[in-house]
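> I am attaching a structure below and will ask some questions about it afterwards.
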Amino acid sequence: FQDQAEQFFRSGHTNNWAVLVCTSRFWFNYRHVANTLSVYRSVKRLGIPDSHIVLMLADDMACNPRNPKPATVFSHKNMELNVYGDDVEVDYRSYEVTVENFLRVLTGRIPPSTPRSKRLLSDDRSNILIYMTGHGGNGFLKFQDSEEITNVELADAFEQMWQKRRYNELLFIIDTCQGASMYERFYSPNIMALASSQVGEDSLSHQPDLGIGVHLMDRYTFYVLEFLEEIHPASQTNMNDLFQVCPKSLCVSTPGHRTDLFQRDPQKVLITDFFGSVRKVEITRETLSLDRDVAGFESKFPEEELATEPLKYAEQLPVAQIIHQKPKQKDWHPPGGFILGLWALIIMVFFKTYGIKHMKHVF
Amino acid sequence: GGMAAALLLLLLLLVAAGPGPGRADAGREQRDALREELLLSPLPTGDVAATFQFRTRWDADLQRGSVSHYRLFPKALGRLVAALGVRELHLALTQGFWRTRYWGQPPLQAPAGAELWVWFQPTVTDVDKAWKELSNILSGIFCASLNFIDSTNTVIPTASFKPLGLANGTDHHLLRYAVLPREVVCTENLTPWKKLLPCGSKAGLAVLLKAERLFHSSYHSQAVHIRPVCRDASCLAVSWELRQTLTVVFDFFSSGQGKKDWSLFKMFSRTLTDTCPLASQSKVYVDISPKNKEKELLEVSPPPTSLHEAVVQGDKKTYAVYDLLSPSLFNTSRSLNVQLKWQRPQDSSEMPIPTLHAQRYVGGYGLQTGEICTLIYNTHPYRAFPVILLETVPWYLRLYVHTLTIITKGKENKPSYIHYQPAQDRRRPHLLEMLIQLPANSVTKITIQFERALLKWTEYPPDPNHGFYVGSSVLSALVPSVTAMKDMDVEQSPLFTSLFPSSDGSSYFVRLYTEPLLVNLPTPDFSMPYNVICLTCTVVAVCYGSFYNLLTRTFHVEEPSRGGLAKRLANVIRKFRGVPPL
């Protein structure tokens, strides 16, 4: 009986998604990109594939001309850990990271020509991790120095997701100044939220690197990364440990969390429910025999008819043909309203002045 | 006699029985082949250029027949070609600029940023719709912002960009060309590019492609080219070719060493250890052509498997070839680290000047007007040749075509062909295409003036003070060769000689790009709306509010209220006490 009760409280998700957003532009906001990439790295390491991660980076730090070590983004000083790596796929880059695109990704209302890797194709059994970082204030988060997203908009977007059944459970982590204000307005069920600082407090950065010349990480994400580096796909660590990650002595700000909308007890929620992609495996003892006949796999090429005369390549610079190329005649359009009106006015004035009897002289 | 006949009959029977059902795919399905090649060419300034080419050729017609089994040809690109009716596709992502004046003619140059040009099949009815869908799909595959390609940066060239593959007629309305000069190229573009290779980056030449070394360079360009080619010499059937090229120039100064000696390990921090099992050919070519006909000044080690001579870009060149598939190469050591050493130091007077090179810059002052100047140099001592110049200028730089001047050697040079399509605000960019004859040993200066437009407030990007880019101009020319090229067998010659189909040996086709331009537009102060609102509200509140109060406020005397029950009781008590009431 207790076993059945245990099973009732285990998460019912079948797939994991992650939406990781860095909203800051310019070189001195290197740390925000490093924050997002360190969460990306942990999430990939714990099993979520690139096709299930929507990574949005508002500026390019790795190949920035000011980066002394191109194609790297470091999170620890003395360049210990390159969180950019060699296998990274950024879905939304540079000017594409806007509030509109972010909300469209969350709610699924994207134009039909959007490629698959830029879509959040979650269903009602998906656990989604949403991580946002950048500059923020009381009730808003700044996108690329030109627009903001408010906590009300974010809460409404999550409600749209809930009504469309686009998530089973959602974990929202935000690392900005006054981050707790962003989760104050949530009202949809099954959302757990963490923030790096309370309203009225600033989130501080961790340490500068004198070689690169900027601060490399924010404190909260730095300690979260250290915590996540010890998690492996079979870990049984739960959310209560994540809540204790950065006490005030290390973080200087007070991290906050919100679990009232979440139905399960945080003690029973595993870290890998959101950060990893653990799939349930069923072991079967039946055997399956595969058909030896592979004739069905031959490519179906119709018999090609060969050309009767040899095909040829085009001439790259056919000077004679170009010089004698006549420009395409513009299609004749009937005169527009203005021209017609102008001519009507001229003709009317003429006949008013000189009288109708002169018409035969005109034509 | 009888025995021989019996044996022959037996053989015939065996052949006629055919392969068994399990091996149906062995014989006729070897339809695709992969060739990979790396070309190392030391440049006159001491830098070294490395060009990787991976060519997958598929002997099938992608346009006809329902293809469902992809082997070496990547499925993502094959489905794209078939579904959207693409005849040719060329996509290049580049960081940096190829300095033709100092480095020589490039084997294959691309402009800074992203460049996409596509020829569609004549069966496509709505080319613009197919173009938009294609750019969106490619932006998902290559993690680049190609979805920003729309009508404001797409042009239809009429004379440049003729198809590089088999073509049945060239109606230029099936061609689209777009450049995104602001596009950044980084590891996230290299990752999907590497995943399209049959062996990925695990075996063969692609193990050298590590992002940390490739992006620490002066020029990095990766490209994908898909086109139909002749299947064999008779050219009666069509095969589809996918070429993935990557060119990188390692800078001698930024590598930090004093000497100009290069090696694979120094360039890529890796060496070659084995070959890709799916490749039918895998070679490394090193350009050891002697300059000025003297003895060689470049020494390569370990000794190459063979030497190859070819006429490339009109000049006779010698290459040291390392064939990775030959068994003798990995006999002595498990890894191959090609080293190049200079035997005597080079001096700058030996730097050869390329026959055709160009530069472009913005002139003028202030934020209202400006001038685009292009200088084209023809350094051939006695031959003149024509060049097509294609310029695409965004609509917010309003070109004045009446100020277009082309001056060569002090005199005006009238182009033989001009095609100008003016811009429409927010809809179409300017397109200027000219065929100019360049006399021998001359400099041609082309200038055109423009005026800067004021954009609407919401059209500015988040960092408007960075400036706005104007894409590179394209120069296509048939440059006279020093040595005539013989007709060669495309299949036997190295890949870097067969990208541009050659028409005759007396000249070779080259496509050059000039620098992109960075232009500042008049930028408003984006905090002004907030300032104006504050100021206006303050003025309204102070001035109008005061007048309103003055005019409408009336004063009247107020009767003191009788007070509540407690107050009346208190007043009664106070009356008794003789104290004045409340």
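Please note that chains go A, B, ... in the order of the structure tokens, that every chain numbers its residues from 1, and that ligands are numbered from 1 in the order shown.
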Where does DSSP see helix (DSSP H, G or I) in range 219-297 of chain B, if you list the residues as a PDB file with C-alpha atoms, in the first residue's frame?

ATOM      1  CA  LEU B 264      49.758  20.510 -38.668  1.00  0.00           C
ATOM      2  CA  PHE B 265      50.172  20.363 -34.928  1.00  0.00           C
ATOM      3  CA  LYS B 266      51.034  24.040 -34.714  1.00  0.00           C
ATOM      4  CA  MET B 267      48.038  24.999 -36.795  1.00  0.00           C
ATOM      5  CA  PHE B 268      45.340  22.668 -35.496  1.00  0.00           C
ATOM      6  CA  LYS B 291      58.738  31.307 -56.832  1.00  0.00           C
ATOM      7  CA  ASN B 292      60.740  33.129 -59.456  1.00  0.00           C
ATOM      8  CA  LYS B 293      61.755  29.785 -60.988  1.00  0.00           C
TER       9      LYS B 293
END
> Name the residues in contact with Val249 in chain B at a cut-off of 7 Å, using only C-alpha atoms, excluding same-chain residues fewer than 2 positions from it; report them as a ChimeraX atom specification.
/B:47-50,217-220,247,251
> Find the residues near Asp274 in chain B: any atom within 9 Å, counting only C-alpha atoms, skip ones fewer than 4 places away on the same chain, and give them as a ChimeraX atom specification.
/B:203-205,324-325,330,334-336
> Which residues come within 12 Å of Gly213 in chain A, counting only C-alpha atoms, excluding same-chain residues fewer than 3 positions away, as a ChimeraX atom specification?
/A:27-31,66-69,74,77-78,207-210,216
> Could you pull out all residues of range 478-559 of chain B with a DSSP call of strand (DSSP E) and give them as a PyMOL selection string?
chain B and resi 478-480+507-513+517-519
> Taking only C-alpha atoms into account, name the residue in A:Phe158, A:Tyr95, A:Phe275, A:Tyr40 that is nearest to chain B.
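Answer, going by the shortest atom-to-atom distance: A:Tyr95.
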> Restrict the distance test to only C-alpha atoms, flag each residue of chain B within 6 Å of chain A, and return the flagged residues as a short mmCIF file (atom, residue, chain, number, x, y, z; two decimals) with C-alpha atoms, in the first residue's frame.

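Generated output (out.cif):
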data_model
loop_
_atom_site.label_atom_id
_atom_site.label_comp_id
_atom_site.auth_asym_id
_atom_site.auth_seq_id
_atom_site.Cartn_x
_atom_site.Cartn_y
_atom_site.Cartn_z
CA GLY B 65 12.40 9.47 -58.12
CA HIS B 69 17.54 5.72 -48.41
CA ILE B 137 15.05 25.87 -43.03
CA GLY B 140 17.52 25.92 -38.37
CA CYS B 143 22.13 27.79 -36.32
CA LYS B 162 25.80 32.13 -63.42
CA GLY B 165 26.61 23.21 -62.22
CA LEU B 166 24.87 21.75 -65.24
CA ALA B 167 22.43 24.26 -66.62
CA CYS B 186 31.23 30.77 -34.26
CA GLU B 188 27.54 26.88 -33.16
CA THR B 191 28.96 22.04 -35.11
CA GLU B 212 39.45 26.79 -30.60
CA PHE B 215 38.44 30.74 -34.90
CA HIS B 216 41.77 32.09 -33.67
CA CYS B 235 27.93 13.82 -69.58
CA LEU B 236 24.69 12.09 -70.44
CA ALA B 237 23.53 11.61 -66.88
CA TYR B 417 26.38 47.01 -69.65
CA PRO B 462 19.35 47.33 -30.05
#
> Tell me, in Å to one decimal, how far CA of Gln109 in chain B is from CA of Pro304 in chain B.
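Result for CA of Gln109 in chain B versus CA of Pro304 in chain B: 28.1 Å, one decimal.
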> I'd like the neighbourhood of Cys22 in chain A as a list in words, where a residue qualifies if any of its atoms comes within 7 Å (using only C-alpha atoms), though same-chain residues fewer than 5 positions away should be ignored.
His32, Val33, Thr36, Met56, Leu57, Ala58, Met132, Thr133 and Gly134 of chain A
> Keeping only N, CA, C and O atoms, take the residues you just selected and write them out as a PDB file, in the first residue's frame.

ATOM      1  N   HIS A  32      26.548  36.961 -18.152  1.00  0.00           N
ATOM      2  CA  HIS A  32      25.222  36.399 -18.384  1.00  0.00           C
ATOM      3  C   HIS A  32      25.271  35.276 -19.397  1.00  0.00           C
ATOM      4  O   HIS A  32      24.592  34.262 -19.267  1.00  0.00           O
ATOM      5  N   VAL A  33      26.099  35.450 -20.419  1.00  0.00           N
ATOM      6  CA  VAL A  33      26.236  34.365 -21.397  1.00  0.00           C
ATOM      7  C   VAL A  33      26.904  33.164 -20.737  1.00  0.00           C
ATOM      8  O   VAL A  33      26.525  32.014 -20.977  1.00  0.00           O
ATOM      9  N   THR A  36      24.279  31.246 -18.693  1.00  0.00           N
ATOM     10  CA  THR A  36      23.376  30.426 -19.492  1.00  0.00           C
ATOM     11  C   THR A  36      24.100  29.207 -20.049  1.00  0.00           C
ATOM     12  O   THR A  36      23.567  28.093 -20.063  1.00  0.00           O
ATOM     13  N   MET A  56      18.859  30.525 -26.160  1.00  0.00           N
ATOM     14  CA  MET A  56      18.769  31.875 -26.721  1.00  0.00           C
ATOM     15  C   MET A  56      19.875  32.711 -26.105  1.00  0.00           C
ATOM     16  O   MET A  56      19.884  32.921 -24.900  1.00  0.00           O
ATOM     17  N   LEU A  57      20.792  33.173 -26.947  1.00  0.00           N
ATOM     18  CA  LEU A  57      21.884  34.019 -26.466  1.00  0.00           C
ATOM     19  C   LEU A  57      21.819  35.340 -27.201  1.00  0.00           C
ATOM     20  O   LEU A  57      21.851  35.371 -28.423  1.00  0.00           O
ATOM     21  N   ALA A  58      21.735  36.434 -26.438  1.00  0.00           N
ATOM     22  CA  ALA A  58      21.504  37.713 -27.093  1.00  0.00           C
ATOM     23  C   ALA A  58      22.752  38.323 -27.695  1.00  0.00           C
ATOM     24  O   ALA A  58      22.651  39.268 -28.442  1.00  0.00           O
ATOM     25  N   MET A 132      16.438  32.030 -16.878  1.00  0.00           N
ATOM     26  CA  MET A 132      16.610  33.353 -17.485  1.00  0.00           C
ATOM     27  C   MET A 132      17.642  34.116 -16.695  1.00  0.00           C
ATOM     28  O   MET A 132      17.711  34.015 -15.470  1.00  0.00           O
ATOM     29  N   THR A 133      18.435  34.900 -17.393  1.00  0.00           N
ATOM     30  CA  THR A 133      19.441  35.713 -16.730  1.00  0.00           C
ATOM     31  C   THR A 133      19.647  36.984 -17.520  1.00  0.00           C
ATOM     32  O   THR A 133      19.441  37.025 -18.727  1.00  0.00           O
ATOM     33  N   GLY A 134      20.033  38.018 -16.818  1.00  0.00           N
ATOM     34  CA  GLY A 134      20.241  39.293 -17.480  1.00  0.00           C
ATOM     35  C   GLY A 134      20.171  40.395 -16.446  1.00  0.00           C
ATOM     36  O   GLY A 134      20.463  40.189 -15.267  1.00  0.00           O
TER      37      GLY A 134
END
> Can you list, as a PyMOL selection string, every protein, DNA or RNA residue that comes within 7 Å of Phe172 in chain A when you count only C-alpha atoms, leaving out same-chain residues fewer than 2 positions away?
chain A and resi 129-131+170+174+192-194
> From the list A:Leu288, A:Val224, A:Ile271, A:Leu120, which residue is nearest Asn240 in chain A when using only C-alpha atoms?
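The shortest atom-to-atom distance to Asn240 in chain A comes from A:Ile271.
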